[in-house]
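Peer 1: Once you've had a glance at the structure underneath, I'll fire off some questions.
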Amino acid sequence: MEDRLGDGDIDAITELVYPIIQRPIYRNIFRRPMSTEPILKLCNRAIRVRIYPNKEQAILINKTIGCCRFVYNRMLDDRKYHYDQVGKDVQITPANYKHDYPWLKEVDSLALSNAQLNLDKAFSNFFEGRAGFPKFKSKRRSKLSYTTNNVNNSVRIEGEFLRLPKLGMVRAKIHRKVLKDWHIKSVSVSLDAGNYYASILFEYESQVLDPVDPQKLLGLDFSMSDLYVDSDGNRPCNPHYYRQNEKRLKAEQRKLSRCKKGSNNYEKQLLKLQRLNQHIENQTRDYLNKLSRSLADHFDMIAVEDINLRAMSQCLKLGKSVRDNSFGMFRDMLKYKLEEQGKYFVVVDKFFPSSQLCSKCGRKNPAFKQMNVSKNLSVREWTCPFCGTHHDRDVNAAINIREEGRKLIPKIKAERQQELQKLRKQSAKSTDNNASTLA
Ligand SMILES: [Zn+2]
């Protein structure tokens, strides 16, 4: 009975305890990040480097790639059989095969697990209607690669070397700067045209930037001959690496077709052809990387049209030039290079009549509809029937795309600010939690 407290007692205790309870709460409030404090977000970046394995390492890499393909195909075969017999999918793991095929134990087991994950993904894509039934991997046609994960520092960069599970130190040309706080998540080892590469996937915390107020805007109109035409009237010199090398490619292809399939000479010629193809791809990629870097650093917003390149190359029979043009690759590069700086990459709706509008008075030229000239790429110049302005077809379209992009900025900016606020709240909550656990 004496233990029970009266009303007055509670008040006294509250007064006593209150400041003690209050203090950490106040402290939390002051610890809450200010709106100017950086908000961090996890980002990924892959860097592809050339590696130079010694003879033994090369043999083991080839073996691992072969084992992954074998396990993938066996699992696919068994799952397919089970599906045909029972009508249900079955879970199989690479471990199920290690007893019958003990040589599977020689290679990196994480590589085999990743082969299983790839197959699982292929199956779920099939079951959810995104793709056809998984196909068997072929030694000839499939990409020669395997992926492994970094577990307890099993993958790391040490000077001129890349450490890989089972392989040990492999000489590598690390041509890009890797920051100290970048953490390796996984690495894909591949064999392409006789050369070995490692694509290293990094994870790092990056500051989420406040959306910038775009000052310098640019619109790009896709162009077959020049890659693009911009709203300032510039056309980059598209070097057309594929076309430049077309004669050589054709000659090497012809030589290959004369070789007996599977013979030594065939293999040699095939490698030569693969090397040439790779060379063209490298040239193109290098050029596009430099071009997109200079644009992304100079402009705050770049607007492009949402065009379906595949459909375009099919319907207009422009296959080769679209492939050579590489506008799709260029768009992807522009996007991430702009967005990592808090800038804008805007895709304008594909039904926006960019080439039919007059960029001066904003009216639609009726001639385009009547003559279906918008599809006729041979019309290079036209005069507006309303205001009399003479237009270069591509530059006019690029200006329209830029202006349409300008209209979309407020919406994108609001979305980003909303996301930033959400992240800020989350971060404040986690600091509160940390503070209370500390208290
Ligand atoms: Zn006009």
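Starting from 1 in every chain, residues are counted up; chains themselves are A, B, ... following the order of the structure tokens, and ligands are numbered from 1 as listed.
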Each residue of chain A lying at most 8 Å from ligand 1 should get a row with its shortest atom-to-atom pair and the distance in Å to one decimal, counting only C-alpha atoms and all ligand atoms; could you produce that, ordered by chain and increasing number, as a tab-separated table?
Peer 2:
```
residue	atom	partner	partner_atom_place_in_ligand_line	distance
A:Leu357	CA	ligand 1	1 (Zn)	7.8
A:Cys358	CA	ligand 1	1 (Zn)	4.6
A:Ser359	CA	ligand 1	1 (Zn)	6.7
A:Lys360	CA	ligand 1	1 (Zn)	5.1
A:Cys361	CA	ligand 1	1 (Zn)	4.2
A:Gly362	CA	ligand 1	1 (Zn)	6.2
A:Arg363	CA	ligand 1	1 (Zn)	5.9
A:Asn365	CA	ligand 1	1 (Zn)	8.0
A:Thr383	CA	ligand 1	1 (Zn)	7.9
A:Cys384	CA	ligand 1	1 (Zn)	4.6
A:Pro385	CA	ligand 1	1 (Zn)	6.6
A:Phe386	CA	ligand 1	1 (Zn)	5.0
A:Cys387	CA	ligand 1	1 (Zn)	4.2
A:Gly388	CA	ligand 1	1 (Zn)	6.1
A:Thr389	CA	ligand 1	1 (Zn)	5.7
```
Peer 1: Show me, as a list in words, the residues that have an atom within 10 Å of Arg74 (chain A) when counting only C-alpha atoms, minus same-chain residues fewer than 6 positions from it.
Peer 2: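 My list of contacting residues is Cys68, Lys80, Ile92, Pro94, Tyr97 and Phe136 of chain A.
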Peer 1: Can I get the residues of region 109-128 of chain A within 12 Å of region 153-175 of chain A, each with the closest pair of atoms and their distance in Å to one decimal, using only C-alpha atoms, sorted chain first then ascending number, as a tab-separated table?
Peer 2:
```
residue	atom	partner	partner_atom	distance
A:Ser109	CA	A:Pro165	CA	9.4
A:Leu110	CA	A:Pro165	CA	9.0
A:Ala111	CA	A:Pro165	CA	9.6
```
Peer 1: Pick out the residues sitting within 8 Å of region 269-274 of chain A, and hand them over as a PyMOL selection string; count only C-alpha atoms, and ignore anything fewer than 6 positions along from it in its own chain.
Peer 2: chain A and resi 192-194+249+252-253+255-256
Peer 1: Find, counting only C-alpha atoms, the residue in A:Phe133, A:Leu76, A:Gln91, A:Asp392 that gets nearest to Leu119 (chain A).
Peer 2: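 Closest to Leu119 (chain A), using only C-alpha atoms: A:Leu76.
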Peer 1: From a backbone DSSP assignment, name each residue in region 216-398 of chain A labelled alpha helix (DSSP H), as a ChimeraX atom specification.
Peer 2: /A:241-244,246-258,264-298,309-315,319-325,327-339,366-371,393-398
Peer 1: In Å to one decimal, how far is CA of Met333 (chain A) from CA of Arg45 (chain A)?
Peer 2: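 That distance, rounded to one decimal, is 12.7 Å.
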Peer 1: Which residues come within 12 Å of Tyr228 (chain A), counting only C-alpha atoms, excluding same-chain residues fewer than 6 positions away, as a ChimeraX atom specification?
Peer 2: /A:218-222,234-238,288,291-292,303-305,322,325-328,330-331,394-395,397-398
Peer 1: Extract the full set of strand (DSSP E or B) residues from region 150-382 of chain A according to DSSP on the backbone, and format it as a PyMOL selection string.
Peer 2: chain A and resi 156-158+161-164+168-173+183-192+195-208+217-223+227-230+301-305+344-348+357+364+381-382
Peer 1: With C-alpha atoms retained, could you export that selection as a PDB file, in the first residue's frame?
Peer 2:
```pdb
ATOM      1  CA  ARG A 156      39.996  -6.568 -54.877  1.00  0.00           C
ATOM      2  CA  ILE A 157      42.324  -4.280 -56.750  1.00  0.00           C
ATOM      3  CA  GLU A 158      45.942  -4.257 -55.653  1.00  0.00           C
ATOM      4  CA  PHE A 161      46.485  -6.506 -60.284  1.00  0.00           C
ATOM      5  CA  LEU A 162      42.930  -7.641 -59.855  1.00  0.00           C
ATOM      6  CA  ARG A 163      42.409 -10.404 -57.347  1.00  0.00           C
ATOM      7  CA  LEU A 164      39.781 -12.936 -58.372  1.00  0.00           C
ATOM      8  CA  GLY A 168      44.522 -15.205 -57.523  1.00  0.00           C
ATOM      9  CA  MET A 169      46.286 -12.090 -58.774  1.00  0.00           C
ATOM     10  CA  VAL A 170      45.581 -11.322 -62.415  1.00  0.00           C
ATOM     11  CA  ARG A 171      47.465  -8.528 -64.130  1.00  0.00           C
ATOM     12  CA  ALA A 172      45.010  -5.775 -65.127  1.00  0.00           C
ATOM     13  CA  LYS A 173      45.060  -2.390 -66.762  1.00  0.00           C
ATOM     14  CA  HIS A 183      33.118  -1.041 -52.768  1.00  0.00           C
ATOM     15  CA  ILE A 184      33.345  -3.887 -55.275  1.00  0.00           C
ATOM     16  CA  LYS A 185      30.067  -5.807 -55.505  1.00  0.00           C
ATOM     17  CA  SER A 186      30.712  -8.243 -58.317  1.00  0.00           C
ATOM     18  CA  VAL A 187      32.855  -8.821 -61.359  1.00  0.00           C
ATOM     19  CA  SER A 188      32.158 -10.369 -64.748  1.00  0.00           C
ATOM     20  CA  VAL A 189      35.071 -11.983 -66.523  1.00  0.00           C
ATOM     21  CA  SER A 190      34.679 -12.256 -70.271  1.00  0.00           C
ATOM     22  CA  LEU A 191      36.524 -13.411 -73.333  1.00  0.00           C
ATOM     23  CA  ASP A 192      35.958 -11.288 -76.414  1.00  0.00           C
ATOM     24  CA  ASN A 195      41.091 -10.774 -75.209  1.00  0.00           C
ATOM     25  CA  TYR A 196      40.088 -11.055 -71.576  1.00  0.00           C
ATOM     26  CA  TYR A 197      38.129  -8.360 -69.765  1.00  0.00           C
ATOM     27  CA  ALA A 198      36.794  -7.832 -66.273  1.00  0.00           C
ATOM     28  CA  SER A 199      33.739  -5.693 -65.766  1.00  0.00           C
ATOM     29  CA  ILE A 200      33.924  -4.578 -62.147  1.00  0.00           C
ATOM     30  CA  LEU A 201      30.718  -3.380 -60.530  1.00  0.00           C
ATOM     31  CA  PHE A 202      31.223  -0.829 -57.760  1.00  0.00           C
ATOM     32  CA  GLU A 203      28.796   0.468 -55.175  1.00  0.00           C
ATOM     33  CA  TYR A 204      29.319   3.844 -53.544  1.00  0.00           C
ATOM     34  CA  GLU A 205      27.472   6.563 -51.695  1.00  0.00           C
ATOM     35  CA  SER A 206      26.891   9.635 -53.721  1.00  0.00           C
ATOM     36  CA  GLN A 207      25.424  12.952 -52.763  1.00  0.00           C
ATOM     37  CA  VAL A 208      21.919  13.590 -54.075  1.00  0.00           C
ATOM     38  CA  LEU A 217      19.449  24.354 -72.935  1.00  0.00           C
ATOM     39  CA  LEU A 218      19.927  22.225 -76.006  1.00  0.00           C
ATOM     40  CA  GLY A 219      17.640  20.198 -78.257  1.00  0.00           C
ATOM     41  CA  LEU A 220      18.885  17.338 -80.399  1.00  0.00           C
ATOM     42  CA  ASP A 221      17.211  16.062 -83.522  1.00  0.00           C
ATOM     43  CA  PHE A 222      18.282  12.602 -84.569  1.00  0.00           C
ATOM     44  CA  SER A 223      19.938  12.675 -87.942  1.00  0.00           C
ATOM     45  CA  LEU A 227      24.303  11.571 -85.641  1.00  0.00           C
ATOM     46  CA  TYR A 228      22.285  14.611 -84.600  1.00  0.00           C
ATOM     47  CA  VAL A 229      21.616  18.235 -85.411  1.00  0.00           C
ATOM     48  CA  ASP A 230      21.386  20.521 -82.397  1.00  0.00           C
ATOM     49  CA  MET A 301      19.361  20.409 -70.025  1.00  0.00           C
ATOM     50  CA  ILE A 302      19.374  18.355 -73.179  1.00  0.00           C
ATOM     51  CA  ALA A 303      16.119  17.298 -74.818  1.00  0.00           C
ATOM     52  CA  VAL A 304      15.855  14.491 -77.343  1.00  0.00           C
ATOM     53  CA  GLU A 305      13.023  12.899 -79.226  1.00  0.00           C
ATOM     54  CA  TYR A 344      18.313  17.276 -66.948  1.00  0.00           C
ATOM     55  CA  PHE A 345      17.949  14.750 -69.700  1.00  0.00           C
ATOM     56  CA  VAL A 346      14.471  15.157 -71.147  1.00  0.00           C
ATOM     57  CA  VAL A 347      12.789  12.781 -73.551  1.00  0.00           C
ATOM     58  CA  VAL A 348      10.084  14.429 -75.618  1.00  0.00           C
ATOM     59  CA  LEU A 357       5.930  23.055 -86.277  1.00  0.00           C
ATOM     60  CA  LYS A 364       1.831  23.683 -87.781  1.00  0.00           C
ATOM     61  CA  GLU A 381      14.330  23.041 -96.121  1.00  0.00           C
ATOM     62  CA  TRP A 382      10.953  24.731 -96.051  1.00  0.00           C
TER      63      TRP A 382
END
```
Peer 1: Name the closest residue to His279 (chain A) among the candidates A:Phe127, A:Phe368, A:Tyr336, A:Tyr242; distances are taken between atoms, counting only C-alpha atoms.
Peer 2: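 Nearest to His279 (chain A): A:Tyr242.
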Peer 1: Mind giving me the straight-line distance from CA of Tyr83 (chain A) to CA of Ser113 (chain A) in Å, one decimal?
Peer 2: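 For CA of Tyr83 (chain A) relative to CA of Ser113 (chain A), the distance reads 21.4 Å.
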Peer 1: Which is closest to Gly405 (chain A) among A:Ser231, A:Asn54, A:Cys259, A:Pro366, if we use only C-alpha atoms?
Peer 2: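 Residue with the minimum atom-to-atom distance to Gly405 (chain A): A:Ser231.
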Peer 1: Between A:Lys143, A:Lys343, A:Lys337, A:Arg416, single out the one closest to Lys216 (chain A), counting only C-alpha atoms.
Peer 2: A:Lys343
Peer 1: For Ile409 (chain A), which residue among A:Ile280, A:Val212, A:Leu295, A:Leu104 is the nearest when counting only C-alpha atoms?
Peer 2: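 Nearest to Ile409 (chain A): A:Val212.
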